[in-house]
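Just below is one structure, and these are the notes that go with it.
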Amino acid sequence: MAHLGTACPALALALALVAVALAEVRAQGAAFEEPDYYSQELWRRGRYYGHPEPEPEPELFSPSLHEDLRVEEQEQQEPHQQGPRTPKKAIKPKKAPKREKLVAEPPPPGKNSNRKGRRSKNLEKAASDDHGVPVAHEDVRESCPPLGLETLKITDFQLHASTSKRYGLGAHRGRLNIQAGINENDFYDGAWCAGRNDLHQWIEVDARRLTKFTGVITQGRNSLWLSDWVTSYKVMVSNDSHTWVTVKNGSGDMIFEGNSEKEIPVLNELPVPMVARYIRINPRSWFDNGSICMRMEILGCPLPDPNNYYHRRNEMTTTDDLDFKHHNYKEMRQLMKVVNEMCPNITRIYNIGKSHQGLKLYAVEISDHPGEHEVGEPEFHYIAGAHGNEVLGRELLLLLLQFLCQEYLAQNARIVRLVEETRIHILPSLNPDGYEKAYEGGSELGGWSLGRWTHDGIDINNNFPDLNTLLWEAEDQQNAPRKVPNHYIAIPEWFLSENATVATETRAVIAWMEKIPFVLGGNLQGGELVVAYPYDMVRSLWKTQEHTPTPDDHVFRWLAYSYASTHRLMTDARRRVCHTEDFQKEEGTVNGASWHTVAGSLNDFSYLHTNCFELSIYVGCDKYPHESELPEEWENNRESLIVFMEQVHRGIKGIVRDLQGKGISNAVISVEGVNHDIRTASDGDYWRLLNPGEYVVTAKAEGFITSTKNCMVGYDMGATRCDFTLTKTNLARIREIMETFGKQPVSLPSRRLKLRGRKRRQRG
């Protein structure tokens, strides 16, 4: 008994020490994960989600970001804003540091050059160290990138909420800039909305690893009819989702100021970065006549975890040594000059006009003979930035410029062949005025529409003349003489007048496309992940959605699929939809009119007024991704950008000549069974995009006898040569002979009158 009595205190002491050790482990913020955590998560939430397993998220930040380019003129930096608790709605970009090289040593990961950091006035008092969650004491001016709610890196399985009104307003819809469907009571509504309006509601994000949280960005509900947003909230963090610590302001809980309307994003930076796995937003007040609804993005730097295979296997890296950053207008111009200096023999910088504010619309030509059209060589173009806030396309084209130059110098056979056999034109920023507005807001605070339109409020993408109506009205009048051809439809007179509501940038693009005989083109846009092909306008009256194919529908489908199928995500059936539309039934492609009708689109105008087949390529859900996302977005789109350019060599090509071997310009090339013709360029050369098959092709020109032949298009890359030699008609020969000898064709009626007069004079 004595031994038992002495053992009990020792046992009690040992148990107490174990309990203290466990408590210390929790206080240190150790995040324990059960081996089957993800299986349990699937089992618990399986009835709400249809995917068989959660989609793994890639690494949350880029391993490196390149330095800025040298600029010709220094930009003025906006004074640092004070007032730590005033939320940010628009933040000026930082001044770009000067440098000599295109690529140099990278800054720390997660640094966003588009958003200035800010130190809270009460940083020292804002949070205490006794709450069990580690606090990062380093310089809080370093700004972490978004975790990826908007870019969908954060999966639906990582978003949880206390309650929700219905599935369409669940936690998975609480993503920054997400857009509601046409019917807002469906599965695709425009925010997370709590099931009740009380102080116990919350929405949380599971980062699935220890993360240094630095800020929260919020929006209200995207809705045409309702006004719902949160006006203040608390922020809490946790390592186990059970014990939560509220961000403090001195001795009390900090209340962050939320939104004052539903669309403008508001950033609140934490007074001190918090290290945890989970972060929760707890609304404290909301719009008087509305409900608890919000969209959000979380700023945070994931901490290194080399032992976690789940995260390492999904890290996205790139081996291309390119300048992965956002470029304002001056930096874009400087980058073009750097590329031109690196590859002077294959590049040429020119401009097609000016914007409303007087900024030049710069383009770069890439060809083995820049500055001239080579007979038999097709012309291709990429356009980006028609909507100034859709920035990803602009940066992808700047990256493409660098890539083509570097790979050409490295003698990459594929790129060398592309450059030598194609004249490529790249116009990265069609709306530089709008981009500068979006750039001032930054990658997270611009909202959905800041900078979309030109300076005078025009949407360039829908600002072209409506030629569809002219064509369809002529086709419907079957008994009347046809006045409108099926191609090269003339621009209406009213559109050409100075009083017409036409953007300066639109007129510049039209003149550019009329001057250069483009064969194929792509305009890069953002906010979705799909390739849209014409027509973009429905033919039936009073309809907003209707499949409206062109006569070349099969060719357009192939062109769209060539981009989508080589993109890393577009045809992935497991990926989540960006907003409301699921394009997987057509393998990441869509007929523009069946999506939403648009009159006067660039695609339709290009098809009906020129030879060019134009498609809209939506390259990402996030219009303006953080620059740490650019390496991954480049990897997503690089192969697609190249493959799409190569499609310009599909179909038939040739030269239409006369008997003397001179090229005949403006000759019409018709394909039997396809009610859309094209015309030859000034040198008589032509290119007709066609899918593999055998075609009956006809060439005709004014004053020449029509010629027809069979042309076979194979499956191998490279257009089939199909030349024509036309013979002049008898009437054309007579006219040519008379003009050669300075005589005019005889007019028989006037000759008879002269003969009668002569006979009368002889009789008299």
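As shown in the structure tokens, the chain order sets the letters A, B, ...; within each chain, residues go from 1, and ligands are also counted from 1 in the order they appear.
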> In stretch 460-670 of chain A, what's alpha helix (DSSP H) per DSSP? Answer as an NGL selection string?
Replying inline: :A and (468-476 or 493-496 or 504-515 or 553-564 or 592-595 or 602-609 or 630-646)
Can you spit out the residues from that selection as a CSV table (one decimal), in the first residue's frame, using C-alpha atoms?
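Wrote part-v2.csv, looks like this:
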chain,number,residue,atom,x,y,z
A,468,ASN,CA,-24.9,40.6,-90.4
A,469,THR,CA,-28.3,42.4,-90.8
A,470,LEU,CA,-27.3,43.6,-94.3
A,471,LEU,CA,-26.4,40.1,-95.3
A,472,TRP,CA,-29.4,38.3,-93.9
A,473,GLU,CA,-31.9,40.9,-95.3
A,474,ALA,CA,-30.4,40.4,-98.7
A,475,GLU,CA,-30.6,36.6,-98.4
A,476,ASP,CA,-34.3,36.8,-97.2
A,493,GLU,CA,-22.1,55.3,-95.0
A,494,TRP,CA,-23.5,56.4,-91.5
A,495,PHE,CA,-20.7,54.4,-89.8
A,496,LEU,CA,-18.1,56.4,-91.7
A,504,THR,CA,-10.9,56.1,-82.3
A,505,GLU,CA,-9.4,52.7,-81.5
A,506,THR,CA,-12.1,51.0,-83.6
A,507,ARG,CA,-11.4,53.1,-86.7
A,508,ALA,CA,-7.7,52.3,-86.3
A,509,VAL,CA,-8.3,48.6,-86.2
A,510,ILE,CA,-10.6,48.7,-89.3
A,511,ALA,CA,-8.0,50.6,-91.3
A,512,TRP,CA,-5.3,48.1,-90.1
A,513,MET,CA,-7.4,45.1,-91.2
A,514,GLU,CA,-8.3,46.7,-94.6
A,515,LYS,CA,-4.6,47.4,-95.2
A,553,ASP,CA,-18.9,26.5,-89.2
A,554,HIS,CA,-16.8,23.3,-89.5
A,555,VAL,CA,-13.6,25.3,-90.0
A,556,PHE,CA,-14.4,27.6,-87.1
A,557,ARG,CA,-15.1,24.7,-84.8
A,558,TRP,CA,-11.8,23.1,-85.7
A,559,LEU,CA,-9.9,26.4,-85.1
A,560,ALA,CA,-11.6,26.9,-81.7
A,561,TYR,CA,-10.9,23.3,-80.7
A,562,SER,CA,-7.2,23.6,-81.8
A,563,TYR,CA,-6.7,26.2,-79.1
A,564,ALA,CA,-9.0,24.7,-76.4
A,592,GLY,CA,-20.9,33.2,-79.8
A,593,ALA,CA,-24.6,33.7,-80.6
A,594,SER,CA,-25.6,30.6,-78.6
A,595,TRP,CA,-23.8,32.1,-75.6
A,602,LEU,CA,-15.0,42.1,-84.1
A,603,ASN,CA,-15.4,38.5,-85.1
A,604,ASP,CA,-18.5,39.0,-87.3
A,605,PHE,CA,-17.1,42.2,-88.9
A,606,SER,CA,-13.8,40.5,-89.7
A,607,TYR,CA,-15.5,37.5,-91.4
A,608,LEU,CA,-17.9,39.6,-93.5
A,609,HIS,CA,-15.7,42.6,-94.4
A,630,LEU,CA,1.6,34.8,-64.6
A,631,PRO,CA,4.1,31.9,-64.9
A,632,GLU,CA,1.3,29.4,-64.5
A,633,GLU,CA,-1.0,31.2,-66.9
A,634,TRP,CA,1.8,31.2,-69.4
A,635,GLU,CA,2.2,27.5,-69.1
A,636,ASN,CA,-1.6,27.1,-69.5
A,637,ASN,CA,-1.6,29.0,-72.7
A,638,ARG,CA,1.8,28.8,-74.3
A,639,GLU,CA,1.2,25.7,-76.5
A,640,SER,CA,-2.3,26.9,-77.5
A,641,LEU,CA,-0.9,30.2,-78.6
A,642,ILE,CA,1.6,28.5,-80.9
A,643,VAL,CA,-0.8,25.8,-82.2
A,644,PHE,CA,-3.4,28.4,-83.1
A,645,MET,CA,-0.9,30.4,-85.1
A,646,GLU,CA,0.1,27.2,-87.0
> Among stretch 266-428 of chain A, which residues carry a DSSP assignment of strand (DSSP E or B), reported as number ranges by chain?
Replying inline: A: 266-286, 293-302, 347-354, 360-366, 379-384, 423-427
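One distance worth recording is that between atom CA of A:Leu224 and atom CA of A:Ala438, which is 23.1 Å.
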Report as a Markdown table the residues of stretch 283-398 of chain A within 7 Å of stretch 196-205 of chain A, each with its shortest atom pair and distance in Å (one decimal), using only C-alpha atoms, ordered by chain and increasing residue number.
| residue | atom | partner | partner_atom | distance |
| --- | --- | --- | --- | --- |
| A:Pro283 | CA | A:Leu199 | CA | 6.5 |
| A:Arg284 | CA | A:Leu199 | CA | 5.7 |
| A:Ser291 | CA | A:Asn197 | CA | 6.3 |
| A:Ile292 | CA | A:Asn197 | CA | 6.0 |
>> Given only C-alpha atoms as the basis, pick out the residue of A:Leu400, A:Ile383, A:Ala194, A:Leu322 nearest to A:Arg295.
In response: A:Ala194
>> Nearest residue to A:Trp687 out of A:Thr708, A:Gln219, A:Ser670, A:Asn462, using only C-alpha atoms?
In response: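 Closest to A:Trp687 of all the choices is A:Ser670.
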>> So that I can see what lies close to A:Ala363, please list as a PyMOL selection string the residues with an atom at most 6 Å from it, counting only C-alpha atoms and leaving out residues fewer than 5 positions away in the same chain.
In response: chain A and resi 349-351+426-427
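Compared by their closest atoms to A:Thr454, and using only C-alpha atoms, the residues A:Pro485, A:Pro273, A:Gly388, A:Pro145 rank with A:Gly388 nearest.
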>> Report as a list of chain:residue names all protein, DNA and RNA residues lying within 7 Å of A:Asn710, evaluated on only C-alpha atoms, omitting residues in the same chain fewer than 6 positions from it.
In response: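 Those residues are A:Glu694, A:Tyr695, A:Val696, A:Val697.
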> Neighbours of A:Asp368 within 12 Å (only C-alpha atoms; same-chain residues fewer than 4 positions away dropped), as a ChimeraX atom specification?
Replying inline: /A:343-348,372-374,377,405,408,415-424
Written selection (N, CA, C and O atoms) as an mmCIF file, in the first residue's frame:
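Once written, out38.cif looks like this:
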data_model
loop_
_atom_site.group_PDB
_atom_site.id
_atom_site.type_symbol
_atom_site.label_atom_id
_atom_site.label_comp_id
_atom_site.auth_asym_id
_atom_site.auth_seq_id
_atom_site.Cartn_x
_atom_site.Cartn_y
_atom_site.Cartn_z
ATOM 1 N N CYS A 343 16.226 40.850 -81.300
ATOM 2 C CA CYS A 343 15.947 40.179 -82.575
ATOM 3 C C CYS A 343 15.636 41.210 -83.647
ATOM 4 O O CYS A 343 14.501 41.287 -84.141
ATOM 5 N N PRO A 344 16.603 42.031 -84.036
ATOM 6 C CA PRO A 344 16.317 43.096 -85.008
ATOM 7 C C PRO A 344 16.001 42.577 -86.401
ATOM 8 O O PRO A 344 15.341 43.278 -87.181
ATOM 9 N N ASN A 345 16.443 41.369 -86.735
ATOM 10 C CA ASN A 345 16.245 40.855 -88.085
ATOM 11 C C ASN A 345 14.860 40.259 -88.309
ATOM 12 O O ASN A 345 14.482 40.005 -89.457
ATOM 13 N N ILE A 346 14.122 40.015 -87.241
ATOM 14 C CA ILE A 346 12.801 39.395 -87.415
ATOM 15 C C ILE A 346 11.687 40.203 -86.770
ATOM 16 O O ILE A 346 10.529 39.755 -86.757
ATOM 17 N N THR A 347 11.969 41.370 -86.207
ATOM 18 C CA THR A 347 10.928 42.146 -85.528
ATOM 19 C C THR A 347 10.887 43.572 -86.053
ATOM 20 O O THR A 347 11.894 44.123 -86.512
ATOM 21 N N ARG A 348 9.729 44.144 -85.979
ATOM 22 C CA ARG A 348 9.517 45.552 -86.350
ATOM 23 C C ARG A 348 8.405 46.102 -85.476
ATOM 24 O O ARG A 348 7.352 45.483 -85.328
ATOM 25 N N GLU A 372 7.438 43.943 -94.947
ATOM 26 C CA GLU A 372 6.952 43.714 -96.304
ATOM 27 C C GLU A 372 6.095 42.451 -96.351
ATOM 28 O O GLU A 372 6.309 41.506 -95.596
ATOM 29 N N HIS A 373 5.129 42.480 -97.257
ATOM 30 C CA HIS A 373 4.299 41.300 -97.480
ATOM 31 C C HIS A 373 4.969 40.417 -98.529
ATOM 32 O O HIS A 373 5.223 40.848 -99.650
ATOM 33 N N GLU A 374 5.262 39.189 -98.158
ATOM 34 C CA GLU A 374 5.876 38.247 -99.085
ATOM 35 C C GLU A 374 4.787 37.461 -99.803
ATOM 36 O O GLU A 374 3.863 36.945 -99.161
ATOM 37 N N GLU A 377 2.933 34.168 -98.497
ATOM 38 C CA GLU A 377 3.089 34.005 -97.041
ATOM 39 C C GLU A 377 1.868 34.576 -96.332
ATOM 40 O O GLU A 377 1.548 35.755 -96.487
ATOM 41 N N CYS A 405 11.153 35.415 -79.795
ATOM 42 C CA CYS A 405 12.489 35.952 -80.038
ATOM 43 C C CYS A 405 13.555 35.017 -79.476
ATOM 44 O O CYS A 405 14.521 34.669 -80.172
ATOM 45 N N TYR A 408 13.705 31.677 -81.400
ATOM 46 C CA TYR A 408 14.277 31.850 -82.743
ATOM 47 C C TYR A 408 15.798 31.943 -82.658
ATOM 48 O O TYR A 408 16.517 31.331 -83.459
ATOM 49 N N ILE A 415 9.776 27.010 -84.087
ATOM 50 C CA ILE A 415 9.584 28.457 -84.081
ATOM 51 C C ILE A 415 10.230 29.082 -85.310
ATOM 52 O O ILE A 415 9.681 30.014 -85.920
ATOM 53 N N VAL A 416 11.392 28.598 -85.702
ATOM 54 C CA VAL A 416 12.048 29.130 -86.904
ATOM 55 C C VAL A 416 11.163 28.937 -88.126
ATOM 56 O O VAL A 416 10.991 29.846 -88.949
ATOM 57 N N ARG A 417 10.571 27.755 -88.261
ATOM 58 C CA ARG A 417 9.684 27.492 -89.395
ATOM 59 C C ARG A 417 8.465 28.405 -89.357
ATOM 60 O O ARG A 417 8.033 28.940 -90.391
ATOM 61 N N LEU A 418 7.903 28.607 -88.153
ATOM 62 C CA LEU A 418 6.728 29.470 -88.024
ATOM 63 C C LEU A 418 7.053 30.902 -88.416
ATOM 64 O O LEU A 418 6.289 31.551 -89.147
ATOM 65 N N VAL A 419 8.189 31.409 -87.966
ATOM 66 C CA VAL A 419 8.570 32.791 -88.253
ATOM 67 C C VAL A 419 8.895 32.973 -89.736
ATOM 68 O O VAL A 419 8.535 33.989 -90.342
ATOM 69 N N GLU A 420 9.553 32.006 -90.332
ATOM 70 C CA GLU A 420 9.967 32.144 -91.728
ATOM 71 C C GLU A 420 8.823 31.939 -92.715
ATOM 72 O O GLU A 420 8.908 32.402 -93.848
ATOM 73 N N GLU A 421 7.763 31.253 -92.288
ATOM 74 C CA GLU A 421 6.657 30.963 -93.201
ATOM 75 C C GLU A 421 5.392 31.750 -92.900
ATOM 76 O O GLU A 421 4.381 31.579 -93.580
ATOM 77 N N THR A 422 5.439 32.614 -91.891
ATOM 78 C CA THR A 422 4.251 33.368 -91.484
ATOM 79 C C THR A 422 4.657 34.795 -91.152
ATOM 80 O O THR A 422 5.724 35.033 -90.590
ATOM 81 N N ARG A 423 3.808 35.737 -91.499
ATOM 82 C CA ARG A 423 3.997 37.121 -91.065
ATOM 83 C C ARG A 423 3.055 37.356 -89.892
ATOM 84 O O ARG A 423 1.829 37.418 -90.059
ATOM 85 N N ILE A 424 3.618 37.473 -88.698
ATOM 86 C CA ILE A 424 2.852 37.533 -87.449
ATOM 87 C C ILE A 424 2.801 38.974 -86.958
ATOM 88 O O ILE A 424 3.825 39.663 -86.904
#
>> Which residue is closest to A:Glu629? Choose from A:Lys662, A:Lys234, A:His326, A:His242 and count only C-alpha atoms.
In response: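 Among the listed residues, the smallest separation from A:Glu629 belongs to A:His326.
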